[in-house]
Amino acid sequence: MSRRVVITGMGGISALGHNWSDIRANMAAGRTATRRMADWDEYDIQTKLGAPVLDFDGKSMYPRKRIRTMGPVSLMAVRATEKALEDAGLDDDPVLNNGRTGIAYGSSWGSIDPLAAFGELLNNGKSRKLTSTSYVQMMSHTAAVNIGLFFKVTGRIIPTSCACASGSQGIGYAYEAIKCGFQDIMIAGGAEELSVADSAVFDTLFAASTLNDSPELSPRPFDRDRDGLVIGEGSTTLILEDYEHARARGAHIHAEVMGFATNSDGSHITQPQASTMELTLRGAMDDAGIPGSEIGFVSAHGTATDFGDVAESLATRAAFDRAVPTHSLKSYFGHTLGACGAIEAWLAIEMARDGWFPPTANLVNVDPECGDLDYIMETPRQIETEFVMSNNFAFGGINTSLIFKLPG
C-alpha cells in the first residue's frame, strides 16, 4: 500500500508571532528574535544571547488539572496542536479517538527545571522540588505523550528525540505511517523551550555566538563573519492526512508531502559530512519522484556554525548541481533545536503559497568556503514554485530532508 499524504492543518508558536501574517510582517520589517538574556549574566558561560517567545503563557489558558504534567515545552506543543486541529477542522472530532489517528512529535529533551530538582537530590540529598510529575515533565517524549493525553489520541505514538532533526523526523515518520496505511491522520511536529542549559551545550563547543552587545547582528548563517548559533524556542504542529480521507470530508489542503529521507553519517558526533547529507537530499527527491530542477527553493538548516554551514551548502550544491535559491530561517528565530524542522517546514509552505521568501538576516558576505548557491540576501525574493525542500541536520550526523508540493 502506498497512499498520498497531505497537510490539512498547521499551527505554531514562535518568537516572531503565532501566525504567518504576524511572522511575515516582522521578517519584512527586518526584525529578528535575538535578545540579550539579562538573567543569564549570573551563569559562567560566554554567550548571553537567546531568542525567547515573549508573549505566550500556556498556564493561563488551560485548567490546572489538565496541564500538571506539562512544562513549557509541552504547553507550547499542545497549543500548537490545538491550533492545527482547529485549522484542519478536526478539533473534538471522534477520529482522534478511534485508533486511526497517531502522533509523531519531537523535542531535544523535556523541560529543564525538573532536571535541577533531580540534581539537587543527587548533589545534596534534598528532594524539596521533586514532585510526582517531575519526570513526566522532563522526559524526552513529554511533548508527544502530553499531546496524546490532552486530545485523548489512541493511535500510535512515535517520539522523535534526536536534537535538531526531531521536528523534521516527526513529520517524516508521520508521513510514512500514513503512506503505509498504519494510520489515517497523524499529529506531527516538534517543540523546544529555551534554557541556559541548551546554550551551555554549544558554549562548551565554542559554537555559540558571543555578540552579546549586538544581538541584532547574530546569528549570521553562511556569512564569513559568523561566530556561532543562538538558541531559540517555539513549536509547530502539522496535521498530516491520507489524501482520500481528507477529500472525503472536504478538508482544505495546504500542501502535499511528496518526499522524505533520513540517514546518518556514521562518522563524527559533531562534524557533519557533506557526502551523506547529499545522499539524504537525493533520497527525498527519489521518494518524491522528481528531479532537483523541479524544486524552486530550499529551506536550509543554516545554524551559523563553521562545520555545519560549509558541509550543508556543499551537499546542497552537489545534490542540485545548480545554484538553487536558499535561505536560513534560524537567522530570525535562532536555533529552536527539536522544533526547528517543524517551524521551518510550516513557514516554507506559507512562503511558497505567497511566493515570498525573505533573505537570510545578517548575511552580508557569503563565506567563500560555502557551496555556490543562490543565497537570498538583503531583500525578499518573489519565487513562484510548486515544490519546496526543507532540510535539517543533527548531532550524531542525523540528516533529514522533506519535500512539499503546493496543491494544484
# chains A, B, ... in the order shown; residues from 1 in each chain; ligands from 1

call {"tool": "residues_around", "arguments": {"residues": "A:Gly50", "least_positions_apart": "6", "cutoff": "12 Å", "atoms": "only C-alpha atoms", "output": "ChimeraX atom specification"}}
result
/A:15,32-40,193-200,208-212,215-216,218-219,229-233,330-336

call {"tool": "select_by_dssp", "arguments": {"residues": "stretch 263-311 of chain A", "states": "strand (DSSP E)", "output": "ChimeraX atom specification"}}
result
/A:263-264,295-300

call {"tool": "closest_residue", "arguments": {"among": "A:Thr360, A:Asn399, A:Thr69, A:Gly302", "to": "A:Leu217", "atoms": "only C-alpha atoms"}}
result
A:Thr360

call {"tool": "residues_around", "arguments": {"residues": "A:Arg224", "least_positions_apart": "5", "cutoff": "10 Å", "atoms": "only C-alpha atoms", "output": "compact mmCIF listing (two decimals) with N, CA, C and O atoms, in the first residue's frame"}}
result
# COMPACT_ATOMS: atom_id res chain seq x y z
N ALA A 304 24.71 28.74 11.35
CA ALA A 304 25.76 29.75 11.56
C ALA A 304 26.96 29.18 12.30
O ALA A 304 27.67 29.89 13.02
N ASP A 306 30.62 26.88 11.76
CA ASP A 306 31.60 26.71 10.68
C ASP A 306 31.42 25.39 9.94
O ASP A 306 31.24 25.37 8.72
N LEU A 363 23.13 38.10 6.63
CA LEU A 363 24.04 37.53 5.64
C LEU A 363 24.47 38.65 4.69
O LEU A 363 23.71 39.12 3.86
N VAL A 364 25.72 39.09 4.85
CA VAL A 364 26.27 40.21 4.08
C VAL A 364 27.34 39.73 3.10
O VAL A 364 27.34 40.10 1.93
N ASN A 365 28.24 38.89 3.59
CA ASN A 365 29.32 38.36 2.76
C ASN A 365 29.36 36.84 2.90
O ASN A 365 29.70 36.31 3.95
N VAL A 366 28.99 36.16 1.82
CA VAL A 366 28.96 34.70 1.87
C VAL A 366 30.37 34.15 2.07
O VAL A 366 31.32 34.57 1.40
N ASP A 367 30.51 33.22 2.99
CA ASP A 367 31.79 32.56 3.24
C ASP A 367 32.24 31.87 1.94
O ASP A 367 31.51 31.03 1.40
N PRO A 368 33.43 32.18 1.44
CA PRO A 368 33.90 31.55 0.21
C PRO A 368 34.06 30.04 0.32
O PRO A 368 34.13 29.34 -0.71
N GLU A 369 34.11 29.50 1.55
CA GLU A 369 34.20 28.06 1.73
C GLU A 369 32.86 27.37 1.52
O GLU A 369 32.80 26.15 1.33
N CYS A 370 31.78 28.14 1.56
CA CYS A 370 30.45 27.56 1.39
C CYS A 370 30.17 27.25 -0.07
O CYS A 370 30.80 27.80 -0.98

call {"tool": "atom_distance", "arguments": {"atom1": "atom CA of A:Leu402", "atom2": "atom CA of A:Gly58"}}
result
29.9 Å

call {"tool": "closest_residue", "arguments": {"among": "A:Ala352, A:Ala80, A:Gly397, A:Asp287", "to": "A:Ser267", "atoms": "only C-alpha atoms"}}
result
A:Gly397

call {"tool": "residues_around", "arguments": {"residues": "A:Asn98", "least_positions_apart": "6", "cutoff": "9 Å", "atoms": "only C-alpha atoms", "output": "ChimeraX atom specification"}}
result
/A:153-155

call {"tool": "residues_around", "arguments": {"residues": "stretch 311-319 of chain A", "least_positions_apart": "6", "cutoff": "6 Å", "atoms": "only C-alpha atoms", "output": "MDAnalysis selection string"}}
result
chainID A and resid 274 277:278 370:371

call {"tool": "write_last_selection", "arguments": {"atoms": "all heavy atoms", "output": "PDB file, in the first residue's frame"}}
result
ATOM      1  N   ALA A 274      29.329  16.157   4.307  1.00  0.00           N
ATOM      2  CA  ALA A 274      28.593  16.602   3.127  1.00  0.00           C
ATOM      3  C   ALA A 274      28.118  15.424   2.278  1.00  0.00           C
ATOM      4  O   ALA A 274      27.038  15.475   1.675  1.00  0.00           O
ATOM      5  CB  ALA A 274      29.457  17.546   2.297  1.00  0.00           C
ATOM      6  N   MET A 277      24.947  13.924   3.753  1.00  0.00           N
ATOM      7  CA  MET A 277      23.905  14.950   3.612  1.00  0.00           C
ATOM      8  C   MET A 277      23.356  14.938   2.181  1.00  0.00           C
ATOM      9  O   MET A 277      22.136  14.962   1.962  1.00  0.00           O
ATOM     10  CB  MET A 277      24.469  16.335   3.926  1.00  0.00           C
ATOM     11  CG  MET A 277      24.725  16.631   5.380  1.00  0.00           C
ATOM     12  SD  MET A 277      25.452  18.284   5.530  1.00  0.00           S
ATOM     13  CE  MET A 277      25.171  18.624   7.260  1.00  0.00           C
ATOM     14  N   GLU A 278      24.244  14.903   1.229  1.00  0.00           N
ATOM     15  CA  GLU A 278      23.836  14.880  -0.177  1.00  0.00           C
ATOM     16  C   GLU A 278      22.948  13.671  -0.471  1.00  0.00           C
ATOM     17  O   GLU A 278      21.937  13.785  -1.193  1.00  0.00           O
ATOM     18  CB  GLU A 278      25.063  14.853  -1.085  1.00  0.00           C
ATOM     19  CG  GLU A 278      24.723  14.804  -2.573  1.00  0.00           C
ATOM     20  CD  GLU A 278      25.929  14.568  -3.462  1.00  0.00           C
ATOM     21  OE1 GLU A 278      27.072  14.679  -2.970  1.00  0.00           O
ATOM     22  OE2 GLU A 278      25.719  14.245  -4.652  1.00  0.00           O
ATOM     23  N   CYS A 370      31.782  28.141   1.560  1.00  0.00           N
ATOM     24  CA  CYS A 370      30.450  27.559   1.395  1.00  0.00           C
ATOM     25  C   CYS A 370      30.174  27.248  -0.072  1.00  0.00           C
ATOM     26  O   CYS A 370      30.800  27.804  -0.978  1.00  0.00           O
ATOM     27  CB  CYS A 370      29.387  28.525   1.923  1.00  0.00           C
ATOM     28  SG  CYS A 370      29.309  28.628   3.730  1.00  0.00           S
ATOM     29  N   GLY A 371      29.208  26.374  -0.306  1.00  0.00           N
ATOM     30  CA  GLY A 371      28.856  25.973  -1.654  1.00  0.00           C
ATOM     31  C   GLY A 371      28.255  27.115  -2.462  1.00  0.00           C
ATOM     32  O   GLY A 371      27.701  28.071  -1.909  1.00  0.00           O
TER      33      GLY A 371
END

call {"tool": "select_by_dssp", "arguments": {"residues": "stretch 209-361 of chain A", "states": "alpha helix (DSSP H)", "output": "PyMOL selection string"}}
result
chain A and resi 243-248+274-288+306-320+330-333+340-354

call {"tool": "residues_around", "arguments": {"residues": "A:Gln137", "least_positions_apart": "5", "cutoff": "6 Å", "atoms": "only C-alpha atoms", "output": "number ranges by chain"}}
result
A: 69-71, 111, 142

call {"tool": "write_last_selection", "arguments": {"atoms": "all heavy atoms", "output": "CSV table (one decimal), in the first residue's frame"}}
result
chain,number,residue,atom,x,y,z
A,69,THR,N,1.1,17.8,34.2
A,69,THR,CA,2.2,17.0,33.7
A,69,THR,C,3.0,17.7,32.7
A,69,THR,O,3.9,17.1,32.0
A,69,THR,CB,1.7,15.7,33.1
A,69,THR,OG1,0.8,16.0,32.1
A,69,THR,CG2,1.0,14.8,34.2
A,70,MET,N,2.7,19.0,32.4
A,70,MET,CA,3.3,19.8,31.3
A,70,MET,C,4.3,20.8,31.8
A,70,MET,O,3.9,21.6,32.7
A,70,MET,CB,2.3,20.4,30.5
A,70,MET,CG,1.3,19.5,29.8
A,70,MET,SD,0.2,20.5,28.7
A,70,MET,CE,-1.1,19.3,28.6
A,71,GLY,N,5.5,20.9,31.3
A,71,GLY,CA,6.4,22.0,31.4
A,71,GLY,C,6.2,22.9,30.2
A,71,GLY,O,5.3,22.6,29.3
A,111,SER,N,11.4,19.4,29.7
A,111,SER,CA,11.6,20.7,30.4
A,111,SER,C,12.8,20.6,31.3
A,111,SER,O,13.1,19.5,31.9
A,111,SER,CB,10.3,21.0,31.3
A,111,SER,OG,9.3,21.4,30.4
A,142,THR,N,8.0,13.9,26.4
A,142,THR,CA,7.0,14.6,27.1
A,142,THR,C,6.0,15.3,26.2
A,142,THR,O,4.8,15.3,26.5
A,142,THR,CB,7.5,15.6,28.2
A,142,THR,OG1,6.5,16.1,28.9
A,142,THR,CG2,8.3,16.7,27.5

call {"tool": "closest_residue", "arguments": {"among": "A:Ala394, A:Ala361, A:Ala117, A:Cys162", "to": "A:Pro380", "atoms": "only C-alpha atoms"}}
result
A:Ala361

call {"tool": "closest_residue", "arguments": {"among": "A:Gln169, A:Thr379, A:Gln183, A:Ser293", "to": "A:Val95", "atoms": "only C-alpha atoms"}}
result
A:Gln183

call {"tool": "atom_distance", "arguments": {"atom1": "atom CA of A:Val73", "atom2": "atom CA of A:Gly11"}}
result
15.0 Å

call {"tool": "closest_atom_pairs", "arguments": {"of": "stretch 6-69 of chain A", "to": "stretch 252-260 of chain A", "cutoff": "8 Å", "atoms": "only C-alpha atoms", "output": "Markdown table"}}
result
| residue | atom | partner | partner_atom | distance |
| --- | --- | --- | --- | --- |
| A:Val6 | CA | A:Glu256 | CA | 4.1 |
| A:Ile7 | CA | A:Ala255 | CA | 5.4 |
| A:Thr8 | CA | A:Ile253 | CA | 4.8 |
| A:Gly9 | CA | A:His254 | CA | 7.3 |
